Amino acid sequence: MSRRRALALAAAAVAMLVYCALHLRVGTDLTHFMPDGSRSEIAVISSRLTDSPFTRAMVLSVEGPDTQAAVAAASQLAELLRGHAEVAWVRSAVGEADLEALYALYFPRRHYFLSDRPEREIPALLSEASLRESASRLRQRLASPASSFVERLAAADPIGAFERIARRFRSEEPALRVVHGQFVTSDGRHAIVLAGTHASAFDSGAQTRLLDDVYAAFAALDAESGGALRLEMSGANRFAVEAERSMKRDVYRIAACSFMGVALLFFVFVASLRGFLVVSVPPLGGMLIATTAGVALFGNIDGLTMVFGASLMGIAIDYSNHLLIHHGLAQPAESPRETVRRIRPSITLGALTTIASFAGLALTAFPAFREMSFFAAVGVAAALVLSLRVLPDLVATVPPLPQRTRIVAARLGALLTRIGALPRAFLLAPLAVGALAALALPRLEWSDDMSQLTRFDPEFVAEDLRVRERTSSLDNTRFVLGLARDGTAALALNEAIHERLQGAIESGALEGQRSLHGLLWSEALQRRNAAVVSAQAGLEERVEAVFTSEGFRPGAFREFEAFLAAAPAAAPLRLEDLAQSPLRDLLAPFVFRLGDEIAVVTYLRGLRAPEAVRAALADLGGVHLLDQRRFVNDIYREFRETSLRQMLVGGALVLLLLGLRYRAWRPVVAAFFPSALVALIVLAMLALFGVQANLLHVMSLVMVMGMGVDYGVFLVDSAGHRDTFGATMLSLLMSCLTTAFVFGTLAFSSQPALQAIGVTTGVGILLSYLLAPVTLIALEVGRGGRAAPH
């Protein structure tokens, strides 16, 4: 390779790396996995909710030898969180500051918040009987230790309107009570701190720093207490960090084993580090070119596409392996470019069949499938061009292969004769295996529960459940979400949702609900309250008469009379007012911005009849009853089913290409049948061993089938040339073992997702290598002039 050409290629590679570094954005948008025609609003909502204040909340639970110790430790942790750069908000109690803020916001507007059914309830609240009950309660409260605060309110609010607001305010944490300014559980054993983070729960860097700081601070507190404290937490961030840590531990361990395996393989057969680097150029270059083209075309690339692309390069390395081994075992006079010319038809057909097997994905309505198909076509085509045009010059720099490599190739080549000498019945054994596998397929079970792809320590999961049970009996995975254009519309919509759900509670379809309704009502409902109060003729006189008769000093409630006179001038409380007040943290679980809209969330308890609740909400625009887990699982089920269908479409395209190339049925079947049989056997093995198949098994099978067809093509094209058959068998053995080391070792992971990839790829690729030559000989390809044309 000339110096100028090498510099040009290096400059192009650097330019693409810089471009990708500046522009690559790896996305995880669920709508990519929905067909274009059904990319509904609910899919967009679910995608956005994966990174919203809804998923950024966390709960800390501190247990101590007594309530006082737990409260002291939790208070210190709360202070740490308030000063932490990663924390957006903290709630550890309903404190004096909260009550003062509540007073400042609500007391001047207390007549706006008497009842959410004002026309029915307010007249009863202001009846003579109710006023006498209010007077009696007020007398009792004036005799309590908090009498100074009560006395401050009583003159202006004898009917207890603000007390009703405060009760609703406290009921927002119904499972908790306040001790010494700190939330504690009803049994007093655990002090509770609620918090939300700035970063996504799935931003592992930010969440790891936060969790490490929390654990370190708690360890210091626990040491001070003599080890008597216990911290437990709940939150999506814990699961995200733990999943990443677990996978990294597995990947690092497995990667070390894979690297040693591949290094040993190349040491044995190539005896050169340069040889390993040379064969890595086409697959790495193909992935770089595909990534650059994907960024330029799509703007960002889905995370699953990136994983898929990395695995796809395991196919592309076959081409460079094939060239390296064939040239190393060729006659000394043959140059690398002459070797390329000799094996170009096989490599080109192998690449085209791989592209064809993924072409079916481009015909679907799934954006993620189209992206994968594009990535596969560009990546494999680029790897092919690099193998044919650039690799020959690099192969020329690799030292000669060791003598042991030639010996192994010769012995593998001898298999052609040995297998051919076996009884015909033995050679047809793959057909029998395929028939038995087909019988086992009906027992195969599919799992589309994505939560099953990650395995956590049972105690880790139990801790999360314990903390959630201490703080709430509400279901955080099923809830009602409404979208509105602004704050005013959001309050009105939330009110309508609350009303419909109350009907569902009364009918028995639902046990309970909790939402923004406990904190704030719409302007219309506030004004309805004020209107009903104003319509109560002679209210001032009745209050004066009833309270005087109950022993209060005449004229003691002139402030109340002044308030009623001035009340119409007070502006209703808006969402923006609450969001800009010290009480803004209360809003975080119930309302937040979602894209260009305002989202309001209602948490449910005891959802007995989902369809009945959904029907009750049906005529409310922008309102959805969401079951996050079921929705995501439905998406992946559809994605998996489409993957299976497109495997058939891709297989048909591969058969068409093979037919055009060979124009004879025997070489076509010899090249294609092993890959199809492997897919059948792998699925049958999963069924027989009681392993539920999932999307990752399917995607791994797509890769294995692509490699299996390559094996078949390379062997068919070598079958009529006994002098090169051994070189082909050795190059395929190296490709097989490389794939087994890189992907098959994932079977030893503790994570089900990596296990699925490892088992499918490892077993599948080994079967492909074993079945390809047996099928070739069984069909007598390469005998009597039936070899593929060169």
# chains A, B, ... in the order shown; residues from 1 in each chain; ligands from 1
>>> residues_around(residues="Gly350 in chain A", least_positions_apart="6", cutoff="9 Å", atoms="only C-alpha atoms", output="list in words")
Tyr319, Gly706, Met707, Val709, Asp710, Tyr711, Gly712, Val713 and Phe714 of chain A
>>> select_by_dssp(residues="range 426-675 of chain A", states="alpha helix (DSSP H)", output="NGL selection string")
:A and (426-427 or 429-440 or 458-471 or 487-507 or 523-534 or 539-549 or 558-566 or 575-579 or 610-617 or 628-662 or 665-675)
>>> closest_residue(among="A:Met306, A:Ile165, A:Leu575, A:Ala410", to="Tyr106 in chain A", atoms="only C-alpha atoms")
A:Ile165
>>> residues_around(residues="Leu264 in chain A", least_positions_apart="4", cutoff="12 Å", atoms="only C-alpha atoms", output="list of chain:residue names")
A:Cys257, A:Ser258, A:Phe259, A:Met260, A:Val268, A:Phe269, A:Val270, A:Ala271, A:Ser272, A:Leu273, A:Phe276, A:Met734, A:Leu737, A:Thr738, A:Phe741
>>> atom_distance(atom1="CA of Thr775 in chain A", atom2="CA of Pro430 in chain A")
7.6 Å
>>> closest_atom_pairs(of="range 363-462 of chain A", to="range 756-767 of chain A", cutoff="12 Å", atoms="only C-alpha atoms", output="JSON lines")
{"residue": "A:Pro430", "atom": "CA", "partner": "A:Leu767", "partner_atom": "CA", "distance": 10.6}
{"residue": "A:Val433", "atom": "CA", "partner": "A:Leu767", "partner_atom": "CA", "distance": 11.8}
{"residue": "A:Ser447", "atom": "CA", "partner": "A:Ala756", "partner_atom": "CA", "distance": 11.9}
{"residue": "A:Gln452", "atom": "CA", "partner": "A:Ala756", "partner_atom": "CA", "distance": 11.2}
{"residue": "A:Leu453", "atom": "CA", "partner": "A:Ala756", "partner_atom": "CA", "distance": 8.7}
{"residue": "A:Thr454", "atom": "CA", "partner": "A:Ala756", "partner_atom": "CA", "distance": 11.1}
>>> residues_around(residues="Gly726 in chain A", least_positions_apart="4", cutoff="6 Å", atoms="only C-alpha atoms", output="ChimeraX atom specification")
/A:409-410,412-413
>>> write_last_selection(atoms="N, CA and C atoms", output="mmCIF file, in the first residue's frame")
data_model
loop_
_atom_site.group_PDB
_atom_site.id
_atom_site.type_symbol
_atom_site.label_atom_id
_atom_site.label_comp_id
_atom_site.auth_asym_id
_atom_site.auth_seq_id
_atom_site.Cartn_x
_atom_site.Cartn_y
_atom_site.Cartn_z
ATOM 1 N N ALA A 409 -4.733 -27.725 8.718
ATOM 2 C CA ALA A 409 -5.521 -27.528 7.500
ATOM 3 C C ALA A 409 -5.573 -28.805 6.678
ATOM 4 N N ALA A 410 -4.436 -29.512 6.587
ATOM 5 C CA ALA A 410 -4.406 -30.757 5.819
ATOM 6 C C ALA A 410 -5.326 -31.805 6.435
ATOM 7 N N LEU A 412 -7.956 -31.243 8.374
ATOM 8 C CA LEU A 412 -9.356 -30.839 8.168
ATOM 9 C C LEU A 412 -9.789 -31.113 6.736
ATOM 10 N N GLY A 413 -8.871 -30.892 5.788
ATOM 11 C CA GLY A 413 -9.193 -31.178 4.396
ATOM 12 C C GLY A 413 -9.465 -32.644 4.165
#
>>> closest_atom_pairs(of="range 435-493 of chain A", to="range 563-574 of chain A", cutoff="10 Å", atoms="only C-alpha atoms", output="CSV")
residue,atom,partner,partner_atom,distance
A:Gly487,CA,A:Arg574,CA,7.7
A:Thr488,CA,A:Arg574,CA,7.3
A:Leu491,CA,A:Arg574,CA,8.7
>>> write_last_selection(atoms="N, CA and C atoms", output="CSV table (one decimal), in the first residue's frame")
chain,number,residue,atom,x,y,z
A,487,GLY,N,-50.9,25.1,32.6
A,487,GLY,CA,-51.3,24.8,33.9
A,487,GLY,C,-52.7,24.9,34.2
A,488,THR,N,-53.4,25.9,33.7
A,488,THR,CA,-54.9,26.0,33.9
A,488,THR,C,-55.6,24.8,33.4
A,491,LEU,N,-55.0,21.6,35.5
A,491,LEU,CA,-55.8,21.5,36.7
A,491,LEU,C,-57.2,21.1,36.4
>>> residues_around(residues="Ala362 in chain A", least_positions_apart="4", cutoff="9 Å", atoms="only C-alpha atoms", output="tab-separated table (two decimals) with N, CA, C and O atoms, in the first residue's frame")
chain	number	residue	atom	x	y	z
A	358	PHE	N	-30.97	-9.59	6.00
A	358	PHE	CA	-31.46	-8.46	6.78
A	358	PHE	C	-32.30	-7.50	5.94
A	358	PHE	O	-32.90	-6.58	6.48
A	366	PHE	N	-41.48	-0.91	11.06
A	366	PHE	CA	-40.78	-0.59	12.31
A	366	PHE	C	-39.56	0.27	12.02
A	366	PHE	O	-38.63	-0.19	11.33
A	367	PRO	N	-39.48	1.48	12.52
A	367	PRO	CA	-38.28	2.31	12.30
A	367	PRO	C	-37.00	1.64	12.79
A	367	PRO	O	-35.96	1.74	12.15
A	369	PHE	N	-36.30	-1.55	12.90
A	369	PHE	CA	-35.91	-2.59	11.95
A	369	PHE	C	-35.25	-1.98	10.72
A	369	PHE	O	-34.25	-2.49	10.20
A	370	ARG	N	-35.83	-0.88	10.22
A	370	ARG	CA	-35.23	-0.23	9.05
A	370	ARG	C	-33.83	0.28	9.37
A	370	ARG	O	-32.92	0.21	8.54
A	371	GLU	N	-33.67	0.80	10.58
A	371	GLU	CA	-32.35	1.29	10.99
A	371	GLU	C	-31.35	0.13	11.06
A	371	GLU	O	-30.20	0.28	10.61
A	372	MET	N	-31.77	-1.00	11.59
A	372	MET	CA	-30.89	-2.17	11.66
A	372	MET	C	-30.53	-2.67	10.26
A	372	MET	O	-29.39	-3.05	10.00
A	373	SER	N	-31.53	-2.70	9.39
A	373	SER	CA	-31.29	-3.16	8.03
A	373	SER	C	-30.28	-2.27	7.33
A	373	SER	O	-29.36	-2.74	6.65
A	374	PHE	N	-30.44	-0.97	7.49
A	374	PHE	CA	-29.49	-0.02	6.90
A	374	PHE	C	-28.10	-0.25	7.47
A	374	PHE	O	-27.10	-0.28	6.73
>>> residues_around(residues="Asp393 in chain A", least_positions_apart="6", cutoff="12 Å", atoms="only C-alpha atoms", output="PyMOL selection string")
chain A and resi 1-3+5-6+278-279+281+323-324+327+335-340+386-387
>>> write_last_selection(atoms="all heavy atoms", output="CSV table (one decimal), in the first residue's frame")
chain,number,residue,atom,x,y,z
A,1,MET,N,0.8,-1.2,0.0
A,1,MET,CA,0.0,0.0,0.0
A,1,MET,C,0.9,1.2,0.0
A,1,MET,O,1.8,1.3,0.8
A,1,MET,CB,-0.9,0.0,1.2
A,1,MET,CG,-1.9,1.2,1.3
A,1,MET,SD,-2.8,1.3,2.8
A,1,MET,CE,-3.7,-0.3,2.7
A,2,SER,N,0.6,2.2,-0.9
A,2,SER,CA,1.4,3.4,-1.0
A,2,SER,C,1.2,4.2,0.3
A,2,SER,O,0.1,4.2,0.9
A,2,SER,CB,1.0,4.2,-2.2
A,2,SER,OG,-0.3,4.7,-2.1
A,3,ARG,N,2.2,5.1,0.6
A,3,ARG,CA,2.1,5.9,1.7
A,3,ARG,C,0.9,6.9,1.6
A,3,ARG,O,0.2,7.2,2.6
A,3,ARG,CB,3.4,6.7,1.9
A,3,ARG,CG,3.5,7.6,3.1
A,3,ARG,CD,4.8,8.3,3.1
A,3,ARG,NE,4.9,9.2,4.3
A,3,ARG,CZ,5.3,8.8,5.5
A,3,ARG,NH1,5.6,7.6,5.7
A,3,ARG,NH2,5.3,9.7,6.5
A,5,ARG,N,-1.9,6.5,0.0
A,5,ARG,CA,-3.2,5.8,0.2
A,5,ARG,C,-3.4,5.5,1.7
A,5,ARG,O,-4.5,5.7,2.2
A,5,ARG,CB,-3.2,4.5,-0.6
A,5,ARG,CG,-4.5,3.8,-0.6
A,5,ARG,CD,-4.4,2.5,-1.4
A,5,ARG,NE,-5.7,1.8,-1.4
A,5,ARG,CZ,-5.9,0.6,-1.8
A,5,ARG,NH1,-4.8,-0.1,-2.2
A,5,ARG,NH2,-7.1,0.0,-1.8
A,6,ALA,N,-2.3,5.1,2.3
A,6,ALA,CA,-2.4,4.8,3.8
A,6,ALA,C,-2.8,6.0,4.6
A,6,ALA,O,-3.7,6.0,5.5
A,6,ALA,CB,-1.1,4.2,4.3
A,278,VAL,N,-4.6,-7.2,11.6
A,278,VAL,CA,-5.0,-7.0,10.2
A,278,VAL,C,-6.4,-7.5,9.9
A,278,VAL,O,-7.2,-6.8,9.2
A,278,VAL,CB,-4.0,-7.8,9.3
A,278,VAL,CG1,-4.5,-8.0,7.9
A,278,VAL,CG2,-2.7,-7.0,9.2
A,279,VAL,N,-6.8,-8.7,10.5
A,279,VAL,CA,-8.1,-9.2,10.2
A,279,VAL,C,-9.2,-8.4,10.9
A,279,VAL,O,-10.4,-8.5,10.6
A,279,VAL,CB,-8.3,-10.7,10.6
A,279,VAL,CG1,-7.3,-11.6,9.8
A,279,VAL,CG2,-8.1,-10.8,12.1
A,281,VAL,N,-9.3,-5.1,10.8
A,281,VAL,CA,-9.6,-3.8,10.1
A,281,VAL,C,-10.9,-3.8,9.4
A,281,VAL,O,-11.7,-2.8,9.5
A,281,VAL,CB,-8.4,-3.6,9.1
A,281,VAL,CG1,-8.7,-2.4,8.2
A,281,VAL,CG2,-7.1,-3.2,9.9
A,323,LEU,N,-9.5,-14.7,3.8
A,323,LEU,CA,-8.4,-14.2,3.0
A,323,LEU,C,-7.0,-14.5,3.6
A,323,LEU,O,-6.1,-15.0,3.0
A,323,LEU,CB,-8.5,-12.7,2.7
A,323,LEU,CG,-7.3,-12.0,2.0
A,323,LEU,CD1,-7.1,-12.7,0.7
A,323,LEU,CD2,-7.6,-10.6,1.8
A,324,LEU,N,-6.9,-14.2,4.9
A,324,LEU,CA,-5.6,-14.4,5.6
A,324,LEU,C,-5.2,-15.9,5.6
A,324,LEU,O,-4.0,-16.2,5.2
A,324,LEU,CB,-5.8,-14.0,7.1
A,324,LEU,CG,-4.5,-14.2,8.0
A,324,LEU,CD1,-3.4,-13.3,7.5
A,324,LEU,CD2,-4.8,-14.0,9.4
A,327,HIS,N,-4.5,-17.1,1.8
A,327,HIS,CA,-3.2,-16.7,1.3
A,327,HIS,C,-2.0,-17.3,2.0
A,327,HIS,O,-1.0,-17.7,1.4
A,327,HIS,CB,-3.1,-15.1,1.5
A,327,HIS,CG,-1.8,-14.6,1.0
A,327,HIS,ND1,-1.4,-14.6,-0.3
A,327,HIS,CD2,-0.7,-14.1,1.8
A,327,HIS,CE1,-0.1,-14.1,-0.4
A,327,HIS,NE2,0.2,-13.8,0.9
A,335,SER,N,0.3,-14.0,-4.9
A,335,SER,CA,0.3,-12.8,-4.2
A,335,SER,C,-1.1,-12.6,-3.5
A,335,SER,O,-2.0,-13.3,-3.8
A,335,SER,CB,0.5,-11.6,-5.1
A,335,SER,OG,-0.7,-11.4,-6.0
A,336,PRO,N,-1.2,-11.7,-2.5
A,336,PRO,CA,-2.5,-11.5,-1.8
A,336,PRO,C,-3.6,-11.1,-2.8
A,336,PRO,O,-4.7,-11.6,-2.6
A,336,PRO,CB,-2.2,-10.4,-0.8
A,336,PRO,CG,-0.7,-10.5,-0.5
A,336,PRO,CD,-0.1,-11.0,-1.8
A,337,ARG,N,-3.3,-10.3,-3.8
A,337,ARG,CA,-4.3,-9.9,-4.7
A,337,ARG,C,-4.7,-11.1,-5.6
A,337,ARG,O,-5.9,-11.1,-6.0
A,337,ARG,CB,-3.8,-8.7,-5.6
A,337,ARG,CG,-3.6,-7.5,-4.7
A,337,ARG,CD,-3.9,-6.2,-5.5
A,337,ARG,NE,-3.8,-5.1,-4.5
A,337,ARG,CZ,-4.8,-4.6,-3.8
A,337,ARG,NH1,-6.0,-5.2,-4.0
A,337,ARG,NH2,-4.7,-3.6,-3.0
A,338,GLU,N,-3.8,-12.0,-5.9
A,338,GLU,CA,-4.2,-13.2,-6.7
A,338,GLU,C,-5.1,-14.1,-5.8
A,338,GLU,O,-6.1,-14.7,-6.3
A,338,GLU,CB,-3.0,-13.9,-7.1
A,338,GLU,CG,-2.2,-13.2,-8.2
A,338,GLU,CD,-0.9,-13.9,-8.5
A,338,GLU,OE1,-0.3,-14.5,-7.6
A,338,GLU,OE2,-0.5,-13.9,-9.7
A,339,THR,N,-4.8,-14.1,-4.5
A,339,THR,CA,-5.7,-14.9,-3.6
A,339,THR,C,-7.1,-14.3,-3.5
A,339,THR,O,-8.1,-15.0,-3.5
A,339,THR,CB,-5.1,-14.9,-2.2
A,339,THR,OG1,-3.8,-15.4,-2.2
A,339,THR,CG2,-6.0,-15.7,-1.2
A,340,VAL,N,-7.1,-12.9,-3.5
A,340,VAL,CA,-8.4,-12.2,-3.5
A,340,VAL,C,-9.2,-12.5,-4.8
A,340,VAL,O,-10.4,-12.8,-4.7
A,340,VAL,CB,-8.2,-10.7,-3.4
A,340,VAL,CG1,-9.5,-9.9,-3.7
A,340,VAL,CG2,-7.8,-10.3,-2.0
A,386,LEU,N,-13.5,-3.2,2.1
A,386,LEU,CA,-12.2,-3.2,2.7
A,386,LEU,C,-11.4,-4.5,2.6
A,386,LEU,O,-10.2,-4.5,2.5
A,386,LEU,CB,-12.4,-2.8,4.2
A,386,LEU,CG,-12.9,-1.4,4.5
A,386,LEU,CD1,-13.2,-1.2,5.9
A,386,LEU,CD2,-11.8,-0.3,4.1
A,387,SER,N,-12.1,-5.6,2.7
A,387,SER,CA,-11.5,-6.9,2.6
A,387,SER,C,-10.9,-7.1,1.2
A,387,SER,O,-9.8,-7.7,1.1
A,387,SER,CB,-12.5,-8.0,2.9
A,387,SER,OG,-13.0,-7.9,4.2
>>> residues_around(residues="range 222-236 of chain A", least_positions_apart="3", cutoff="9 Å", atoms="only C-alpha atoms", output="NGL selection string")
:A and (55-65 or 69-70 or 73 or 201-202 or 215 or 217-219 or 239-241 or 463-468)
>>> closest_residue(among="A:Ala195, A:Ala719, A:Ala670, A:Ala414", to="Glu79 in chain A", atoms="only C-alpha atoms")
A:Ala195
>>> select_by_dssp(residues="range 115-261 of chain A", states="strand (DSSP E)", output="PyMOL selection string")
chain A and resi 176-179+182-185+190-197+230-235
>>> closest_residue(among="A:Val295, A:Ile325, A:Gly275, A:Phe672", to="Val408 in chain A", atoms="only C-alpha atoms")
A:Ile325
>>> closest_residue(among="A:Leu746, A:Ala671, A:Val632, A:Ile407", to="Leu657 in chain A", atoms="only C-alpha atoms")
A:Ala671
>>> atom_distance(atom1="CA of Val613 in chain A", atom2="CA of Arg630 in chain A")
16.5 Å
>>> atom_distance(atom1="CA of Phe560 in chain A", atom2="CA of Arg168 in chain A")
22.1 Å
>>> closest_residue(among="A:Ser280, A:Glu244, A:Ala440, A:Glu541", to="Ala687 in chain A", atoms="only C-alpha atoms")
A:Ala440
>>> closest_residue(among="A:Ala330, A:Leu519, A:Leu510, A:Ala11", to="Arg167 in chain A", atoms="only C-alpha atoms")
A:Leu519
